[in-house]
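Trainee: Have a peek at start_36.cif (mmCIF, C-alpha atoms).
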data_entry
#
loop_
_atom_site.label_atom_id
_atom_site.label_comp_id
_atom_site.auth_asym_id
_atom_site.auth_seq_id
_atom_site.Cartn_x
_atom_site.Cartn_y
_atom_site.Cartn_z
CA MET E 244 15.06 -2.94 29.52
CA SER E 245 15.14 -6.73 29.82
CA THR E 246 15.49 -8.92 26.74
CA PRO E 247 12.09 -10.31 25.75
CA THR E 248 11.48 -14.03 25.60
CA THR E 249 12.15 -15.71 22.27
CA HIS E 250 9.88 -18.74 22.13
CA ALA E 251 11.01 -21.89 20.39
CA PRO E 252 9.95 -22.09 16.72
CA ARG E 253 7.15 -24.57 16.18
CA THR E 254 4.54 -25.77 13.73
CA VAL E 255 0.80 -25.83 14.38
CA GLN E 256 -2.14 -27.24 12.48
CA VAL E 257 -4.21 -24.56 10.72
CA ASN E 258 -7.09 -25.62 8.48
CA ASP E 259 -5.56 -28.21 6.11
CA ILE E 260 -1.86 -27.41 6.66
CA THR E 261 0.91 -27.18 9.21
CA VAL E 262 2.10 -23.62 9.71
CA ALA E 263 5.50 -22.46 10.94
CA VAL E 264 5.23 -20.01 13.86
CA GLN E 265 7.78 -17.96 15.78
CA GLU E 266 6.72 -15.92 18.81
CA PHE E 267 8.46 -13.30 20.91
CA GLY E 268 7.52 -11.75 24.26
CA GLU E 269 4.38 -11.76 26.36
CA GLY E 270 1.32 -9.56 26.72
CA GLU E 271 -1.38 -8.56 24.28
CA PRO E 272 -0.97 -10.50 21.02
CA LEU E 273 0.31 -8.76 17.88
CA LEU E 274 -0.04 -10.84 14.70
CA ILE E 275 2.30 -9.91 11.85
CA ILE E 276 1.27 -10.93 8.33
CA ASN E 277 4.02 -11.19 5.72
CA GLY E 278 4.30 -9.61 2.30
CA THR E 279 4.88 -11.38 -1.02
CA SER E 280 7.98 -13.64 -1.04
CA GLN E 281 8.61 -13.11 2.69
CA SER E 282 9.28 -15.64 5.41
CA LEU E 283 8.90 -15.00 9.12
CA GLY E 284 12.63 -14.38 9.65
CA PHE E 285 12.27 -10.93 8.08
CA TRP E 286 10.61 -9.72 11.27
CA THR E 287 12.97 -11.00 13.96
CA GLU E 288 14.80 -7.75 14.69
CA THR E 289 11.66 -5.61 14.71
CA ALA E 290 9.62 -8.20 16.61
CA LEU E 291 12.18 -8.22 19.42
CA VAL E 292 11.60 -4.49 19.96
CA TRP E 293 7.81 -4.79 19.93
CA ALA E 294 8.04 -7.86 22.17
CA ASN E 295 9.03 -5.68 25.10
CA ARG E 296 5.32 -4.83 25.29
CA PHE E 297 3.49 -7.42 23.20
CA ARG E 298 3.31 -11.12 22.41
CA VAL E 299 4.49 -10.86 18.80
CA ILE E 300 3.41 -13.72 16.54
CA THR E 301 5.16 -14.20 13.20
CA TYR E 302 4.32 -17.02 10.82
CA ASP E 303 4.91 -18.26 7.28
CA LEU E 304 2.05 -17.95 4.84
CA ARG E 305 1.02 -21.24 3.26
CA GLY E 306 3.61 -22.62 0.84
CA MET E 307 6.33 -20.27 2.12
CA GLY E 308 9.16 -20.81 4.61
CA GLY E 309 8.28 -23.72 6.86
CA SER E 310 4.53 -23.82 6.11
CA GLU E 311 2.87 -26.40 3.88
CA ARG E 312 1.16 -25.30 0.66
CA GLY E 313 -1.85 -27.57 1.01
CA SER E 314 -4.49 -27.73 -1.72
CA GLY E 315 -7.00 -25.34 -3.22
CA ALA E 316 -6.74 -21.91 -4.75
CA LEU E 317 -4.59 -19.28 -3.09
CA SER E 318 -6.20 -15.86 -2.72
CA VAL E 319 -6.14 -12.93 -0.33
CA ALA E 320 -9.40 -14.22 1.19
CA SER E 321 -8.07 -17.78 1.63
CA LEU E 322 -4.91 -16.42 3.27
CA ALA E 323 -7.11 -14.36 5.60
CA ALA E 324 -8.96 -17.56 6.51
CA ASP E 325 -5.58 -19.06 7.40
CA ALA E 326 -4.79 -16.05 9.62
CA GLN E 327 -8.12 -16.48 11.39
CA GLY E 328 -7.48 -20.19 11.73
CA LEU E 329 -4.07 -19.50 13.25
CA LEU E 330 -5.61 -17.23 15.90
CA GLU E 331 -8.13 -19.97 16.69
CA THR E 332 -5.41 -22.62 16.92
CA LEU E 333 -3.41 -20.41 19.29
CA ASP E 334 -6.55 -19.73 21.38
CA ILE E 335 -6.28 -16.00 20.73
CA GLU E 336 -9.70 -14.35 20.83
CA ARG E 337 -8.46 -10.91 19.78
CA ALA E 338 -5.17 -9.57 18.46
CA HIS E 339 -3.59 -6.44 17.15
CA VAL E 340 -2.80 -7.11 13.48
CA LEU E 341 -0.03 -5.62 11.34
CA GLY E 342 0.01 -6.47 7.65
CA TYR E 343 2.75 -5.55 5.21
CA SER E 344 2.07 -5.31 1.46
CA LEU E 345 0.26 -8.59 0.59
CA GLY E 346 -0.09 -9.00 4.34
CA SER E 347 -1.93 -5.68 4.52
CA ALA E 348 -4.44 -6.96 1.97
CA ILE E 349 -4.85 -10.15 4.05
CA ALA E 350 -5.29 -8.01 7.18
CA GLN E 351 -8.07 -6.05 5.48
CA GLU E 352 -9.92 -9.25 4.61
CA LEU E 353 -9.38 -10.58 8.14
CA ALA E 354 -10.81 -7.41 9.68
CA LEU E 355 -13.82 -7.66 7.34
CA ALA E 356 -14.43 -11.38 7.93
CA ALA E 357 -13.75 -11.49 11.69
CA PRO E 358 -13.99 -7.95 13.09
CA ASN E 359 -14.30 -9.18 16.67
CA ARG E 360 -10.87 -10.79 16.44
CA VAL E 361 -9.00 -7.63 15.38
CA ALA E 362 -8.34 -5.14 18.18
CA SER E 363 -6.38 -2.70 16.05
CA LEU E 364 -5.05 -2.68 12.52
CA VAL E 365 -1.76 -1.43 11.05
CA LEU E 366 -1.76 -1.43 7.25
CA TYR E 367 1.82 -0.89 6.09
CA CYS E 368 2.32 -0.24 2.36
CA THR E 369 -1.24 -1.06 1.43
CA TRP E 370 -3.84 -0.67 -1.29
CA GLY E 371 -7.55 -1.35 -1.73
CA ARG E 372 -7.81 -2.08 -5.45
CA THR E 373 -5.06 -2.79 -7.96
CA ASP E 374 -4.77 -0.02 -10.56
CA GLY E 375 -3.09 0.06 -13.96
CA PHE E 376 0.29 1.17 -12.68
CA GLN E 377 0.37 -1.63 -10.10
CA ARG E 378 -0.74 -4.22 -12.65
CA ALA E 379 2.20 -3.27 -14.86
CA MET E 380 4.64 -3.32 -11.94
CA MET E 381 3.36 -6.58 -10.42
CA THR E 382 3.17 -8.38 -13.76
CA GLY E 383 6.81 -7.57 -14.41
CA LEU E 384 7.90 -8.59 -10.92
CA ALA E 385 5.91 -11.83 -11.04
CA HIS E 386 7.31 -13.05 -14.38
CA PRO E 387 10.69 -14.41 -13.22
CA TRP E 388 8.98 -16.27 -10.36
CA ARG E 389 6.70 -17.90 -12.94
CA THR E 390 9.69 -19.00 -15.02
CA GLY E 391 11.78 -20.03 -12.02
CA ASP E 392 14.51 -17.45 -12.60
CA VAL E 393 15.12 -16.63 -8.94
CA GLU E 394 18.21 -14.52 -9.62
CA ALA E 395 16.22 -12.22 -11.92
CA ALA E 396 13.28 -12.26 -9.50
CA LEU E 397 15.43 -11.08 -6.60
CA GLY E 398 17.19 -8.51 -8.78
CA ALA E 399 13.85 -7.04 -9.83
CA LEU E 400 12.76 -6.78 -6.18
CA GLY E 401 15.33 -4.03 -5.85
CA VAL E 402 12.51 -1.64 -6.77
CA ALA E 403 11.17 -2.24 -3.25
CA PHE E 404 14.08 -0.19 -1.91
CA SER E 405 14.85 3.51 -2.22
CA PRO E 406 17.28 4.89 -4.81
CA GLN E 407 19.45 6.02 -1.92
CA LEU E 408 19.81 2.52 -0.47
CA LEU E 409 20.27 0.83 -3.85
CA ASP E 410 23.33 3.01 -4.50
CA ASN E 411 24.72 2.58 -0.98
CA PRO E 412 27.82 0.34 -0.76
CA GLU E 413 26.18 -1.41 2.21
CA PHE E 414 23.22 -2.59 0.10
CA GLY E 415 25.06 -5.71 -1.04
CA VAL E 416 25.74 -6.67 2.57
CA LEU E 417 22.06 -6.26 3.45
CA ILE E 418 20.95 -8.44 0.54
CA GLU E 419 23.42 -11.17 1.48
CA GLN E 420 21.85 -11.25 4.94
CA LEU E 421 18.31 -11.40 3.52
CA LEU E 422 18.89 -14.02 0.79
CA PRO E 423 18.26 -17.08 3.01
CA LEU E 424 14.82 -15.66 3.86
CA PHE E 425 13.54 -15.66 0.27
CA PRO E 426 11.89 -18.58 -1.56
CA SER E 427 14.39 -21.22 -2.63
CA THR E 428 12.53 -24.51 -3.20
CA GLU E 429 10.43 -25.24 -6.28
CA GLN E 430 7.27 -25.21 -4.15
CA GLN E 431 8.11 -21.85 -2.60
CA ILE E 432 8.90 -20.34 -6.01
CA ARG E 433 5.59 -21.57 -7.44
CA THR E 434 3.75 -20.28 -4.40
CA CYS E 435 5.39 -16.87 -4.76
CA ALA E 436 3.97 -16.64 -8.29
CA GLU E 437 0.55 -17.49 -6.81
CA GLN E 438 1.03 -14.71 -4.27
CA TRP E 439 1.57 -12.21 -7.09
CA ASP E 440 -1.70 -13.42 -8.63
CA ALA E 441 -3.40 -12.76 -5.28
CA ASP E 442 -1.88 -9.28 -5.19
CA LEU E 443 -3.17 -8.54 -8.68
CA ALA E 444 -6.69 -9.72 -7.83
CA HIS E 445 -6.97 -7.88 -4.50
CA ASP E 446 -10.04 -5.63 -4.30
CA THR E 447 -11.63 -4.50 -1.04
CA LEU E 448 -12.11 -0.83 -1.88
CA ASP E 449 -15.91 -0.88 -1.89
CA ARG E 450 -15.98 -2.78 1.44
CA LEU E 451 -13.39 -0.88 3.46
CA SER E 452 -16.05 1.39 4.93
CA GLU E 453 -17.27 -1.68 6.87
CA ILE E 454 -14.04 -1.80 8.91
CA THR E 455 -14.66 -0.27 12.33
CA THR E 456 -11.36 -1.36 13.90
CA PRO E 457 -8.95 1.46 14.89
CA THR E 458 -6.60 1.64 11.91
CA LEU E 459 -3.21 3.17 11.11
CA VAL E 460 -2.23 3.35 7.43
CA ILE E 461 1.49 3.83 6.74
CA ALA E 462 2.60 4.77 3.23
CA GLY E 463 5.85 5.80 1.54
CA GLU E 464 6.40 8.59 -0.96
CA GLN E 465 8.95 6.50 -2.89
CA ASP E 466 6.92 3.27 -2.82
CA LEU E 467 6.61 1.87 -6.36
CA LEU E 468 4.68 -1.31 -5.47
CA THR E 469 1.90 0.27 -3.42
CA PRO E 470 2.25 3.93 -4.44
CA PRO E 471 1.30 6.55 -1.84
CA TRP E 472 -2.04 7.45 -3.41
CA HIS E 473 -3.26 3.96 -2.50
CA GLY E 474 -2.54 4.45 1.19
CA ARG E 475 -4.44 7.72 1.12
CA GLN E 476 -7.37 6.02 -0.63
CA VAL E 477 -7.47 3.20 1.95
CA ALA E 478 -7.27 5.61 4.88
CA ASP E 479 -10.06 7.74 3.41
CA ALA E 480 -12.26 4.64 2.97
CA ILE E 481 -11.88 3.30 6.54
CA PRO E 482 -13.88 5.36 9.06
CA GLY E 483 -11.58 7.19 11.46
CA ALA E 484 -8.37 5.70 10.05
CA ARG E 485 -5.12 7.54 10.72
CA HIS E 486 -2.78 8.10 7.77
CA HIS E 487 0.97 8.68 7.89
CA LEU E 488 3.05 9.33 4.77
CA PHE E 489 6.81 8.90 4.99
CA THR E 490 8.58 11.31 2.66
CA GLY E 491 12.13 11.82 1.45
CA PRO E 492 15.04 9.36 1.42
CA GLY E 493 14.15 5.83 2.47
CA SER E 494 10.37 6.28 2.04
CA SER E 495 10.24 3.13 -0.08
CA HIS E 496 8.21 -0.08 -0.02
CA ALA E 497 10.82 -1.20 2.52
CA LEU E 498 10.45 1.89 4.71
CA GLY E 499 10.03 -0.29 7.79
CA VAL E 500 13.69 -1.26 7.33
CA GLU E 501 15.06 1.93 5.82
CA ARG E 502 13.28 4.23 8.27
CA ALA E 503 13.04 1.77 11.17
CA GLU E 504 13.99 4.40 13.76
CA GLU E 505 10.68 6.16 12.99
CA PHE E 506 8.50 3.24 11.87
CA VAL E 507 9.06 0.94 14.85
CA PRO E 508 8.13 3.43 17.61
CA MET E 509 5.23 4.80 15.53
CA VAL E 510 3.61 1.35 15.48
CA LEU E 511 4.25 0.92 19.21
CA GLU E 512 2.67 4.26 20.00
CA PHE E 513 -0.43 3.48 17.95
CA LEU E 514 -0.90 0.06 19.50
CA GLY E 515 -0.46 1.57 22.93
CA GLU E 516 -3.36 3.93 22.25
CA HIS E 517 -5.69 0.97 21.66
CA PRO E 518 -5.31 -1.47 24.57
CA MET E 519 -7.65 -4.42 24.64
CA THR E 520 -8.74 -3.80 28.23
#
Please rewrite the model in this file as structure tokens.
Mentor:
Amino acid sequence: MSTPTTHAPRTVQVNDITVAVQEFGEGEPLLIINGTSQSLGFWTETALVWANRFRVITYDLRGMGGSERGSGALSVASLAADAQGLLETLDIERAHVLGYSLGSAIAQELALAAPNRVASLVLYCTWGRTDGFQRAMMTGLAHPWRTGDVEAALGALGVAFSPQLLDNPEFGVLIEQLLPLFPSTEQQIRTCAEQWDADLAHDTLDRLSEITTPTLVIAGEQDLLTPPWHGRQVADAIPGARHHLFTGPGSSHALGVERAEEFVPMVLEFLGEHPMT
């Protein structure tokens, strides 16, 4: 299999901001929407696999990575408007969309606001309405970002991983590799706190039945940020949605990394079942 094209990183104008974009491969477009605290570099390894069949588009949400914060309130709906604006800027009429965590909430709002632009939908570690358990978890995780204690913030994010990985001697090596991808500037740290507020306020549950896009919901048994009952609830609410629950070791909020050998081909298979033509 030939190595897919890695396009030069660039910035484009979206709504009131410049947005950092990195694309891989050719073919039908696949837009990846980041989770809280993420920058586009998190997806490079996975995107290169998917890029053998798709034009994979990764980008930084406003105020994160290389994207400007701009003005105005930050919400799941406003971030979905940015995603729609990015597709318009790139002259993409329709795209497959994969959203992770906060990105899955954004993907829901995008599919509701612009259904004709979303060819298929992968909701990875998702939820439709924040419940009491999540409010407690997210409030605790957000606090060090609000106070600017990045070391504590990153330490607390360990709950995104499985107990098995956290106790693995290789975990420290993994974190060292990921550290440059997390928020580091004052603006990024402030924006990350705003992202947690958006997570807390997310609520599409009563509208999910309006989504008619073919949808795959992927959940993890060990996921503490978007516990598995949320994935089931979202899949039940979206007509015809497919639901897959990862179980056992590595079925964490980071299952796409910990169980990549299953997650990556599962997404490819689903997308392949829903070609645009």
Trainee: At a cut-off of 12 Å, using all atoms listed in the file, what residues contact E:Glu288? Leave out same-chain residues fewer than 4 positions from it and give the result as number ranges by chain.
Mentor: E: 247, 249, 267, 283-284, 292-294, 299, 301, 499-500, 503, 507
Trainee: On this structure, the PyMOL selection byres ((chain E and resi 371) around 12) would catch which residues? List them as a PDB file with C-alpha atoms, in the frame of the given file, sorted by chain and number.
Mentor:
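result-v3.pdb written:
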ATOM      1  CA  VAL E 319      -6.140 -12.930  -0.330  1.00  0.00           C
ATOM      2  CA  SER E 344       2.070  -5.310   1.460  1.00  0.00           C
ATOM      3  CA  LEU E 345       0.260  -8.590   0.590  1.00  0.00           C
ATOM      4  CA  SER E 347      -1.930  -5.680   4.520  1.00  0.00           C
ATOM      5  CA  ALA E 348      -4.440  -6.960   1.970  1.00  0.00           C
ATOM      6  CA  ILE E 349      -4.850 -10.150   4.050  1.00  0.00           C
ATOM      7  CA  ALA E 350      -5.290  -8.010   7.180  1.00  0.00           C
ATOM      8  CA  GLN E 351      -8.070  -6.050   5.480  1.00  0.00           C
ATOM      9  CA  GLU E 352      -9.920  -9.250   4.610  1.00  0.00           C
ATOM     10  CA  LEU E 366      -1.760  -1.430   7.250  1.00  0.00           C
ATOM     11  CA  CYS E 368       2.320  -0.240   2.360  1.00  0.00           C
ATOM     12  CA  THR E 369      -1.240  -1.060   1.430  1.00  0.00           C
ATOM     13  CA  TRP E 370      -3.840  -0.670  -1.290  1.00  0.00           C
ATOM     14  CA  ARG E 372      -7.810  -2.080  -5.450  1.00  0.00           C
ATOM     15  CA  THR E 373      -5.060  -2.790  -7.960  1.00  0.00           C
ATOM     16  CA  ASP E 374      -4.770  -0.020 -10.560  1.00  0.00           C
ATOM     17  CA  GLN E 377       0.370  -1.630 -10.100  1.00  0.00           C
ATOM     18  CA  ASP E 442      -1.880  -9.280  -5.190  1.00  0.00           C
ATOM     19  CA  LEU E 443      -3.170  -8.540  -8.680  1.00  0.00           C
ATOM     20  CA  ALA E 444      -6.690  -9.720  -7.830  1.00  0.00           C
ATOM     21  CA  HIS E 445      -6.970  -7.880  -4.500  1.00  0.00           C
ATOM     22  CA  ASP E 446     -10.040  -5.630  -4.300  1.00  0.00           C
ATOM     23  CA  THR E 447     -11.630  -4.500  -1.040  1.00  0.00           C
ATOM     24  CA  LEU E 448     -12.110  -0.830  -1.880  1.00  0.00           C
ATOM     25  CA  ASP E 449     -15.910  -0.880  -1.890  1.00  0.00           C
ATOM     26  CA  ARG E 450     -15.980  -2.780   1.440  1.00  0.00           C
ATOM     27  CA  LEU E 451     -13.390  -0.880   3.460  1.00  0.00           C
ATOM     28  CA  SER E 452     -16.050   1.390   4.930  1.00  0.00           C
ATOM     29  CA  VAL E 460      -2.230   3.350   7.430  1.00  0.00           C
ATOM     30  CA  THR E 469       1.900   0.270  -3.420  1.00  0.00           C
ATOM     31  CA  PRO E 470       2.250   3.930  -4.440  1.00  0.00           C
ATOM     32  CA  PRO E 471       1.300   6.550  -1.840  1.00  0.00           C
ATOM     33  CA  TRP E 472      -2.040   7.450  -3.410  1.00  0.00           C
ATOM     34  CA  HIS E 473      -3.260   3.960  -2.500  1.00  0.00           C
ATOM     35  CA  GLY E 474      -2.540   4.450   1.190  1.00  0.00           C
ATOM     36  CA  ARG E 475      -4.440   7.720   1.120  1.00  0.00           C
ATOM     37  CA  GLN E 476      -7.370   6.020  -0.630  1.00  0.00           C
ATOM     38  CA  VAL E 477      -7.470   3.200   1.950  1.00  0.00           C
ATOM     39  CA  ALA E 478      -7.270   5.610   4.880  1.00  0.00           C
ATOM     40  CA  ASP E 479     -10.060   7.740   3.410  1.00  0.00           C
ATOM     41  CA  ALA E 480     -12.260   4.640   2.970  1.00  0.00           C
ATOM     42  CA  ILE E 481     -11.880   3.300   6.540  1.00  0.00           C
TER      43      ILE E 481
END
Trainee: Evaluated on this file, the PyMOL selection byres ((chain E and resi 398) around 12) picks out some residues - which ones are they, written as a list in words?
Mentor: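 Going through the file, the PyMOL selection byres ((chain E and resi 398) around 12) ends up selecting Gly383, Leu384, Ala385, Pro387, Trp388, Asp392, Val393, Glu394, Ala395, Ala396, Leu397, Ala399, Leu400, Gly401, Val402, Ala403, Phe404, Leu409, Gly415, Ile418 and Leu422 of chain E.
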Trainee: Calculated over all atoms listed in the file, which of the candidates E:Phe414, E:Phe513, E:Trp286, E:Tyr302 has the smallest distance to E:Ala263?
Mentor: E:Tyr302
Trainee: I'd like the neighbourhood of E:Gln256 as a list in words, where a residue qualifies if any of its atoms comes within 9 Å (using all atoms listed in the file), though same-chain residues fewer than 6 positions away should be ignored.
Mentor: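 The residues that qualify are Val262, Gly328, Leu329 and Thr332 of chain E.
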Trainee: From the list E:Val365, E:Leu488, E:Leu421, E:Met380, which residue is nearest E:Glu512 when using only C-alpha atoms?
Mentor: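 For E:Glu512, the nearest of the candidates is E:Val365.
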Trainee: Rank nothing, just name the residue among E:Ile454, E:Ala320, E:Leu333, E:Leu353 nearest to E:Thr254, using all atoms listed in the file.
Mentor: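 Between E:Ile454, E:Ala320, E:Leu333, E:Leu353, the residue approaching E:Thr254 most closely is E:Leu333.
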Trainee: If you measure from atom CA of E:Pro457 to atom CA of E:Val257, what distance in Å do you get, rounded to one decimal?
Mentor: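 Atom-to-atom, atom CA of E:Pro457 and atom CA of E:Val257 are spaced 26.8 Å apart.
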Trainee: Could you tell me which residues the PyMOL selection byres ((chain E and resi 489) around 6) returns for this structure, as a ChimeraX atom specification?
Mentor: /E:463-464,488,490,494
Trainee: Can you pull out every residue within 8 Å of E:Gln438, counting all atoms listed in the file, but drop anything in the same chain fewer than 4 positions away, and send it as a PyMOL selection string?
Mentor: chain E and resi 279-280+317-318+345+434+442
